[in-house]
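Asks: For reference, the file my_file29.cif (mmCIF, C-alpha atoms) is included below:
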data_upload
#
loop_
_atom_site.group_PDB
_atom_site.id
_atom_site.type_symbol
_atom_site.label_atom_id
_atom_site.label_comp_id
_atom_site.auth_asym_id
_atom_site.auth_seq_id
_atom_site.Cartn_x
_atom_site.Cartn_y
_atom_site.Cartn_z
ATOM 1 C CA MET R 1 -43.151 2.802 -27.276
ATOM 2 C CA ALA R 2 -40.333 5.261 -28.062
ATOM 3 C CA SER R 3 -36.813 4.316 -27.050
ATOM 4 C CA PRO R 4 -35.334 6.391 -24.202
ATOM 5 C CA LYS R 5 -33.177 9.372 -25.137
ATOM 6 C CA PHE R 6 -29.731 9.716 -23.649
ATOM 7 C CA PRO R 7 -28.139 13.087 -22.878
ATOM 8 C CA PHE R 8 -25.094 12.279 -25.039
ATOM 9 C CA THR R 9 -24.132 10.213 -28.089
ATOM 10 C CA LYS R 10 -22.567 6.774 -28.058
ATOM 11 C CA ILE R 11 -19.137 8.289 -28.858
ATOM 12 C CA GLU R 12 -19.523 10.806 -26.022
ATOM 13 C CA PHE R 13 -20.541 7.977 -23.682
ATOM 14 C CA VAL R 14 -17.393 5.991 -24.579
ATOM 15 C CA ASP R 15 -15.261 9.116 -24.060
ATOM 16 C CA ARG R 16 -16.804 9.666 -20.622
ATOM 17 C CA LEU R 17 -16.339 6.021 -19.691
ATOM 18 C CA LEU R 18 -12.656 6.150 -20.690
ATOM 19 C CA ALA R 19 -12.232 9.378 -18.693
ATOM 20 C CA LEU R 20 -13.748 7.697 -15.625
ATOM 21 C CA GLN R 21 -11.463 4.686 -16.022
ATOM 22 C CA HIS R 22 -8.474 7.024 -16.350
ATOM 23 C CA LYS R 23 -9.538 8.887 -13.208
ATOM 24 C CA LYS R 24 -9.918 5.588 -11.320
ATOM 25 C CA LYS R 25 -6.387 4.560 -12.319
ATOM 26 C CA ARG R 26 -5.044 7.906 -11.102
ATOM 27 C CA VAL R 27 -6.932 7.554 -7.802
ATOM 28 C CA ASP R 28 -5.610 3.999 -7.360
ATOM 29 C CA PHE R 29 -2.108 5.330 -8.052
ATOM 30 C CA MET R 30 -2.465 7.992 -5.360
ATOM 31 C CA HIS R 31 -3.803 5.504 -2.799
ATOM 32 C CA LYS R 32 -0.922 3.102 -3.492
ATOM 33 C CA VAL R 33 1.890 5.644 -3.546
ATOM 34 C CA PHE R 34 1.334 8.698 -1.378
ATOM 35 C CA PRO R 35 1.362 8.834 2.426
ATOM 36 C CA ASN R 36 -1.743 10.451 3.925
ATOM 37 C CA ASN R 37 -1.849 13.623 6.025
ATOM 38 C CA GLY R 38 1.534 14.792 4.814
ATOM 39 C CA ILE R 39 3.119 17.846 3.255
ATOM 40 C CA GLY R 40 3.216 17.631 -0.524
ATOM 41 C CA ALA R 41 3.999 19.652 -3.605
ATOM 42 C CA GLU R 42 2.991 19.651 -7.250
ATOM 43 C CA LEU R 43 5.651 20.977 -9.627
ATOM 44 C CA GLY R 44 3.958 22.189 -12.784
ATOM 45 C CA VAL R 45 0.308 22.850 -12.018
ATOM 46 C CA PHE R 46 -0.930 24.018 -15.441
ATOM 47 C CA LYS R 47 -4.680 24.673 -15.073
ATOM 48 C CA GLY R 48 -4.882 22.650 -11.876
ATOM 49 C CA HIS R 49 -6.833 19.711 -13.256
ATOM 50 C CA PHE R 50 -4.919 17.203 -11.101
ATOM 51 C CA SER R 51 -4.316 19.407 -8.042
ATOM 52 C CA PRO R 52 -7.718 18.878 -6.349
ATOM 53 C CA PHE R 53 -7.275 15.104 -6.645
ATOM 54 C CA LEU R 54 -3.812 15.271 -5.102
ATOM 55 C CA PHE R 55 -5.184 17.358 -2.263
ATOM 56 C CA LYS R 56 -8.248 15.181 -1.681
ATOM 57 C CA TYR R 57 -6.860 11.666 -2.031
ATOM 58 C CA THR R 58 -3.643 12.283 -0.110
ATOM 59 C CA LYS R 59 -5.577 14.157 2.614
ATOM 60 C CA ALA R 60 -2.726 16.647 2.463
ATOM 61 C CA LYS R 61 -1.981 18.584 5.610
ATOM 62 C CA LYS R 62 -0.335 21.166 3.355
ATOM 63 C CA LEU R 63 -0.020 21.329 -0.434
ATOM 64 C CA HIS R 64 2.442 23.604 -2.231
ATOM 65 C CA LEU R 65 1.486 24.377 -5.850
ATOM 66 C CA ILE R 66 4.476 25.589 -7.877
ATOM 67 C CA ASP R 67 4.378 26.904 -11.443
ATOM 68 C CA LEU R 68 5.721 29.745 -13.565
ATOM 69 C CA TRP R 69 2.293 30.616 -15.000
ATOM 70 C CA TYR R 70 2.436 34.176 -16.407
ATOM 71 C CA LEU R 71 6.194 34.460 -15.687
ATOM 72 C CA LEU R 72 6.763 31.891 -18.435
ATOM 73 C CA ALA R 73 4.500 33.514 -21.044
ATOM 74 C CA PRO R 74 1.119 35.263 -21.353
ATOM 75 C CA LYS R 75 -0.266 32.177 -23.106
ATOM 76 C CA TRP R 76 0.420 28.450 -23.325
ATOM 77 C CA THR R 77 0.229 28.142 -27.118
ATOM 78 C CA TRP R 78 0.241 24.336 -26.866
ATOM 79 C CA ALA R 79 -2.761 24.211 -24.501
ATOM 80 C CA GLN R 80 -6.308 23.358 -25.485
ATOM 81 C CA GLY R 81 -9.118 25.768 -24.688
ATOM 82 C CA ASN R 82 -8.263 28.941 -22.810
ATOM 83 C CA GLN R 83 -4.507 29.470 -23.204
ATOM 84 C CA SER R 84 -4.146 32.407 -20.792
ATOM 85 C CA THR R 85 -1.633 31.724 -18.013
ATOM 86 C CA VAL R 86 -3.238 34.442 -15.871
ATOM 87 C CA ASP R 87 -6.650 32.780 -16.224
ATOM 88 C CA ALA R 88 -5.063 29.431 -15.331
ATOM 89 C CA LEU R 89 -3.760 30.895 -12.082
ATOM 90 C CA ARG R 90 -7.090 32.598 -11.392
ATOM 91 C CA ARG R 91 -8.759 29.198 -11.771
ATOM 92 C CA ILE R 92 -6.445 27.722 -9.126
ATOM 93 C CA LEU R 93 -7.113 30.610 -6.738
ATOM 94 C CA LYS R 94 -10.852 30.102 -7.156
ATOM 95 C CA ILE R 95 -10.744 26.316 -6.706
ATOM 96 C CA PHE R 96 -8.649 26.521 -3.538
ATOM 97 C CA LYS R 97 -9.954 29.807 -2.082
ATOM 98 C CA LYS R 98 -10.832 28.346 1.338
ATOM 99 C CA GLU R 99 -7.717 26.182 1.526
ATOM 100 C CA ILE R 100 -5.456 29.130 0.588
ATOM 101 C CA GLU R 101 -7.100 31.298 3.241
ATOM 102 C CA SER R 102 -6.517 28.565 5.843
ATOM 103 C CA GLU R 103 -2.927 28.069 4.579
ATOM 104 C CA ARG R 104 -3.461 24.425 3.712
ATOM 105 C CA VAL R 105 -2.700 25.253 0.071
ATOM 106 C CA ILE R 106 0.178 27.604 -0.738
ATOM 107 C CA ILE R 107 0.681 29.054 -4.212
ATOM 108 C CA HIS R 108 4.214 29.732 -5.494
ATOM 109 C CA VAL R 109 4.624 31.636 -8.773
ATOM 110 C CA GLY R 110 8.144 31.092 -10.074
ATOM 111 C CA ASP R 111 10.767 28.639 -11.244
ATOM 112 C CA ASP R 112 10.395 25.389 -9.311
ATOM 113 C CA ILE R 113 14.164 24.867 -9.006
ATOM 114 C CA GLU R 114 14.644 28.200 -7.265
ATOM 115 C CA ILE R 115 11.537 27.770 -5.119
ATOM 116 C CA LEU R 116 12.558 24.256 -4.020
ATOM 117 C CA LYS R 117 15.911 25.624 -2.849
ATOM 118 C CA SER R 118 14.073 27.815 -0.326
ATOM 119 C CA PHE R 119 12.597 24.844 1.563
ATOM 120 C CA PRO R 120 14.458 23.156 4.422
ATOM 121 C CA ASN R 121 15.880 19.703 3.833
ATOM 122 C CA ASN R 122 13.627 16.714 4.649
ATOM 123 C CA TYR R 123 10.538 18.945 4.439
ATOM 124 C CA PHE R 124 8.213 17.141 2.018
ATOM 125 C CA ASP R 125 6.461 13.815 2.518
ATOM 126 C CA TRP R 126 5.862 13.624 -1.227
ATOM 127 C CA VAL R 127 6.345 15.631 -4.416
ATOM 128 C CA TYR R 128 4.609 15.174 -7.769
ATOM 129 C CA ILE R 129 6.516 16.361 -10.885
ATOM 130 C CA ASP R 130 4.570 17.500 -13.941
ATOM 131 C CA SER R 131 6.648 20.450 -15.108
ATOM 132 C CA SER R 132 8.759 20.783 -18.256
ATOM 133 C CA HIS R 133 9.131 17.032 -19.007
ATOM 134 C CA ALA R 134 12.635 17.870 -20.234
ATOM 135 C CA TYR R 135 15.600 15.663 -19.310
ATOM 136 C CA ASP R 136 17.915 18.337 -17.888
ATOM 137 C CA HIS R 137 15.210 20.076 -15.899
ATOM 138 C CA THR R 138 13.832 16.821 -14.476
ATOM 139 C CA LYS R 139 17.352 15.791 -13.482
ATOM 140 C CA GLN R 140 17.816 19.083 -11.591
ATOM 141 C CA GLU R 141 14.474 18.579 -9.842
ATOM 142 C CA LEU R 142 15.393 15.059 -8.750
ATOM 143 C CA LEU R 143 18.770 16.148 -7.385
ATOM 144 C CA LEU R 144 17.095 18.833 -5.299
ATOM 145 C CA LEU R 145 14.263 16.593 -4.157
ATOM 146 C CA GLU R 146 16.787 14.049 -2.919
ATOM 147 C CA GLN R 147 17.500 16.631 -0.207
ATOM 148 C CA LYS R 148 14.066 18.199 0.224
ATOM 149 C CA VAL R 149 11.942 15.015 0.498
ATOM 150 C CA LYS R 150 12.104 13.020 3.732
ATOM 151 C CA PRO R 151 14.076 9.730 3.597
ATOM 152 C CA GLU R 152 10.805 7.778 3.858
ATOM 153 C CA GLY R 153 9.039 10.123 1.411
ATOM 154 C CA VAL R 154 7.990 9.660 -2.210
ATOM 155 C CA ILE R 155 9.073 11.403 -5.421
ATOM 156 C CA SER R 156 6.612 10.833 -8.234
ATOM 157 C CA GLY R 157 5.304 12.295 -11.441
ATOM 158 C CA ASP R 158 3.639 12.167 -14.813
ATOM 159 C CA ASP R 159 4.752 11.143 -18.318
ATOM 160 C CA TRP R 160 6.438 7.787 -17.853
ATOM 161 C CA ARG R 161 7.512 7.295 -21.486
ATOM 162 C CA PRO R 162 10.048 4.488 -22.103
ATOM 163 C CA ASP R 163 9.813 5.108 -25.868
ATOM 164 C CA LYS R 164 13.034 6.946 -26.820
ATOM 165 C CA ASN R 165 11.265 8.659 -29.707
ATOM 166 C CA HIS R 166 8.623 10.288 -27.534
ATOM 167 C CA PRO R 167 9.197 14.041 -26.916
ATOM 168 C CA HIS R 168 8.707 13.500 -23.149
ATOM 169 C CA HIS R 169 11.109 10.557 -22.886
ATOM 170 C CA GLY R 170 13.430 12.836 -20.892
ATOM 171 C CA VAL R 171 11.445 12.127 -17.717
ATOM 172 C CA PHE R 172 11.988 8.366 -18.001
ATOM 173 C CA LYS R 173 15.674 8.878 -18.817
ATOM 174 C CA ALA R 174 16.255 11.272 -15.912
ATOM 175 C CA VAL R 175 14.474 9.052 -13.374
ATOM 176 C CA THR R 176 16.154 5.799 -14.421
ATOM 177 C CA GLU R 177 19.589 7.457 -14.424
ATOM 178 C CA PHE R 178 18.890 9.038 -11.039
ATOM 179 C CA ILE R 179 18.055 5.740 -9.333
ATOM 180 C CA ALA R 180 20.848 3.784 -11.071
ATOM 181 C CA ASP R 181 23.564 4.848 -8.625
ATOM 182 C CA ARG R 182 21.438 5.713 -5.603
ATOM 183 C CA ASP R 183 19.599 3.844 -2.883
ATOM 184 C CA TYR R 184 16.218 4.414 -4.579
ATOM 185 C CA GLN R 185 13.766 2.010 -6.117
ATOM 186 C CA ILE R 186 10.780 2.332 -8.432
ATOM 187 C CA ILE R 187 7.628 1.596 -6.446
ATOM 188 C CA TYR R 188 5.220 2.407 -9.279
ATOM 189 C CA ALA R 189 5.595 2.726 -13.050
ATOM 190 C CA ASP R 190 2.715 2.435 -15.509
ATOM 191 C CA GLU R 191 3.294 3.133 -19.180
ATOM 192 C CA GLN R 192 -0.466 3.291 -19.867
ATOM 193 C CA ASN R 193 -1.372 5.461 -16.886
ATOM 194 C CA LEU R 194 1.911 7.391 -17.390
ATOM 195 C CA GLN R 195 2.485 7.661 -13.640
ATOM 196 C CA TRP R 196 5.676 6.772 -11.760
ATOM 197 C CA ALA R 197 7.030 6.911 -8.216
ATOM 198 C CA ILE R 198 10.318 6.260 -6.477
ATOM 199 C CA LYS R 199 11.494 6.170 -2.874
ATOM 200 C CA GLN R 200 14.559 5.284 -0.881
ATOM 201 C CA MET R 201 15.027 1.621 -0.011
#
Rewrite the coordinates I just gave you, this time as structure tokens.
Replies:
Amino acid sequence: MASPKFPFTKIEFVDRLLALQHKKKRVDFMHKVFPNNGIGAELGVFKGHFSPFLFKYTKAKKLHLIDLWYLLAPKWTWAQGNQSTVDALRRILKIFKKEIESERVIIHVGDDIEILKSFPNNYFDWVYIDSSHAYDHTKQELLLLEQKVKPEGVISGDDWRPDKNHPHHGVFKAVTEFIADRDYQIIYADEQNLQWAIKQM
């Protein structure tokens, strides 16, 4: 009797299994950290791979997606696959067509610092940062979000890199400096999952 054939190789199977485990960790992170039925924002949307999960697992009442897209450059030369920033935005518009039409998802094309300034204080229940990963920019974002996120809200993000030699270490540095002299505490930080979250005590 012939052995059964699988639709992918052993290496592909391991890759898929690791991807599922990574997704589960991200979902667990969202369940632990974010309040449900709130108003949230993602700073730095890229191709929108994480946006649907943020929307679904936080049960967001309203989600603001903020990115420079084509205002930054025609292409993301560092990106894998399709590098077009216009196509990246088109992908987001397609994914969230119904939610955009019902105004549950709002797209903002522009610099996140300037766009954040336009919101009233204490507006957001949570914000997820995945933008430049640079120290100075992250610091500016945190200073603004201190005003724009509700006192009981959550500021969170990607790329928790304690290693000083990592090119994205600026996020870790900015966050730890920000909370050092403020009434904030880390409620989640995972070096493997790369996710972090802080809120006021």
Asks: Find the distance between CA of Asp159 (chain R) and CA of Leu194 (chain R) and write it in Å to one decimal.
Replies: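 CA of Asp159 (chain R) sits 4.8 Å away from CA of Leu194 (chain R).
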Asks: Residues at most 12 Å from Phe124 (chain R), counting only C-alpha atoms, excluding those fewer than 2 positions away in the same chain, as a ChimeraX atom specification?
Replies: /R:34-35,37-42,60-64,116,119-122,126-128,144-155
Asks: Could you spell out the hits of the PyMOL selection byres ((chain R and resi 51) around 12) on the shown file, as a count of residues only?
Replies: 39
Asks: Given 3 Å of margin on each side, can you work out the centre and size in Å (one decimal) of an axis-aligned box holding every listed atom of region 109-115 of chain R, as AutoDock Vina command-line options?
Replies:
--center_x 9.6 --center_y 28.3 --center_z -8.2 --size_x 16.0 --size_y 12.8 --size_z 12.1
Asks: To one decimal place in Å, what is the distance between CA of Ser132 (chain R) and CA of Lys97 (chain R)?
Replies: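 So the answer is 26.3 Å.
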Asks: Name every residue that the PyMOL selection byres ((chain R and resi 161) around 12) selects in this structure, writing the answer as number ranges by chain with chains first and numbers rising.
Replies: R: 133-135, 157-160, 162-176, 189-196
Asks: Output C-alpha atoms for every residue in the selection just made, as a PDB file, in the frame of the given file.
Replies:
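And here's selection37.pdb as it stands now:
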ATOM      1  CA  HIS R 133       9.131  17.032 -19.007  1.00  0.00           C
ATOM      2  CA  ALA R 134      12.635  17.870 -20.234  1.00  0.00           C
ATOM      3  CA  TYR R 135      15.600  15.663 -19.310  1.00  0.00           C
ATOM      4  CA  GLY R 157       5.304  12.295 -11.441  1.00  0.00           C
ATOM      5  CA  ASP R 158       3.639  12.167 -14.813  1.00  0.00           C
ATOM      6  CA  ASP R 159       4.752  11.143 -18.318  1.00  0.00           C
ATOM      7  CA  TRP R 160       6.438   7.787 -17.853  1.00  0.00           C
ATOM      8  CA  PRO R 162      10.048   4.488 -22.103  1.00  0.00           C
ATOM      9  CA  ASP R 163       9.813   5.108 -25.868  1.00  0.00           C
ATOM     10  CA  LYS R 164      13.034   6.946 -26.820  1.00  0.00           C
ATOM     11  CA  ASN R 165      11.265   8.659 -29.707  1.00  0.00           C
ATOM     12  CA  HIS R 166       8.623  10.288 -27.534  1.00  0.00           C
ATOM     13  CA  PRO R 167       9.197  14.041 -26.916  1.00  0.00           C
ATOM     14  CA  HIS R 168       8.707  13.500 -23.149  1.00  0.00           C
ATOM     15  CA  HIS R 169      11.109  10.557 -22.886  1.00  0.00           C
ATOM     16  CA  GLY R 170      13.430  12.836 -20.892  1.00  0.00           C
ATOM     17  CA  VAL R 171      11.445  12.127 -17.717  1.00  0.00           C
ATOM     18  CA  PHE R 172      11.988   8.366 -18.001  1.00  0.00           C
ATOM     19  CA  LYS R 173      15.674   8.878 -18.817  1.00  0.00           C
ATOM     20  CA  ALA R 174      16.255  11.272 -15.912  1.00  0.00           C
ATOM     21  CA  VAL R 175      14.474   9.052 -13.374  1.00  0.00           C
ATOM     22  CA  THR R 176      16.154   5.799 -14.421  1.00  0.00           C
ATOM     23  CA  ALA R 189       5.595   2.726 -13.050  1.00  0.00           C
ATOM     24  CA  ASP R 190       2.715   2.435 -15.509  1.00  0.00           C
ATOM     25  CA  GLU R 191       3.294   3.133 -19.180  1.00  0.00           C
ATOM     26  CA  GLN R 192      -0.466   3.291 -19.867  1.00  0.00           C
ATOM     27  CA  ASN R 193      -1.372   5.461 -16.886  1.00  0.00           C
ATOM     28  CA  LEU R 194       1.911   7.391 -17.390  1.00  0.00           C
ATOM     29  CA  GLN R 195       2.485   7.661 -13.640  1.00  0.00           C
ATOM     30  CA  TRP R 196       5.676   6.772 -11.760  1.00  0.00           C
TER      31      TRP R 196
END
Asks: Which residues would end up in the selection if the PyMOL selection byres ((chain R and resi 71) around 10) were applied here, given that I need the answer as a JSON list (two decimals) with C-alpha atoms, in the coordinates of the input?
Replies:
[["chain", "number", "residue", "atom", "x", "y", "z"],
["R", 67, "ASP", "CA", 4.38, 26.90, -11.44],
["R", 68, "LEU", "CA", 5.72, 29.74, -13.56],
["R", 69, "TRP", "CA", 2.29, 30.62, -15.00],
["R", 70, "TYR", "CA", 2.44, 34.18, -16.41],
["R", 72, "LEU", "CA", 6.76, 31.89, -18.43],
["R", 73, "ALA", "CA", 4.50, 33.51, -21.04],
["R", 74, "PRO", "CA", 1.12, 35.26, -21.35],
["R", 85, "THR", "CA", -1.63, 31.72, -18.01],
["R", 86, "VAL", "CA", -3.24, 34.44, -15.87],
["R", 109, "VAL", "CA", 4.62, 31.64, -8.77],
["R", 110, "GLY", "CA", 8.14, 31.09, -10.07],
["R", 111, "ASP", "CA", 10.77, 28.64, -11.24]]
Asks: Would you compute the distance between CA of Trp76 (chain R) and CA of Glu99 (chain R)? Give it in Å to one decimal.
Replies: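 Between CA of Trp76 (chain R) and CA of Glu99 (chain R) the gap is 26.2 Å.
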Asks: What's the 7 Å shell around Met201 (chain R), counting all atoms listed in the file, without same-chain residues fewer than 4 positions away, as a list in words?
Replies: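 My list of contacting residues is Asp183, Tyr184 and Gln185 of chain R.
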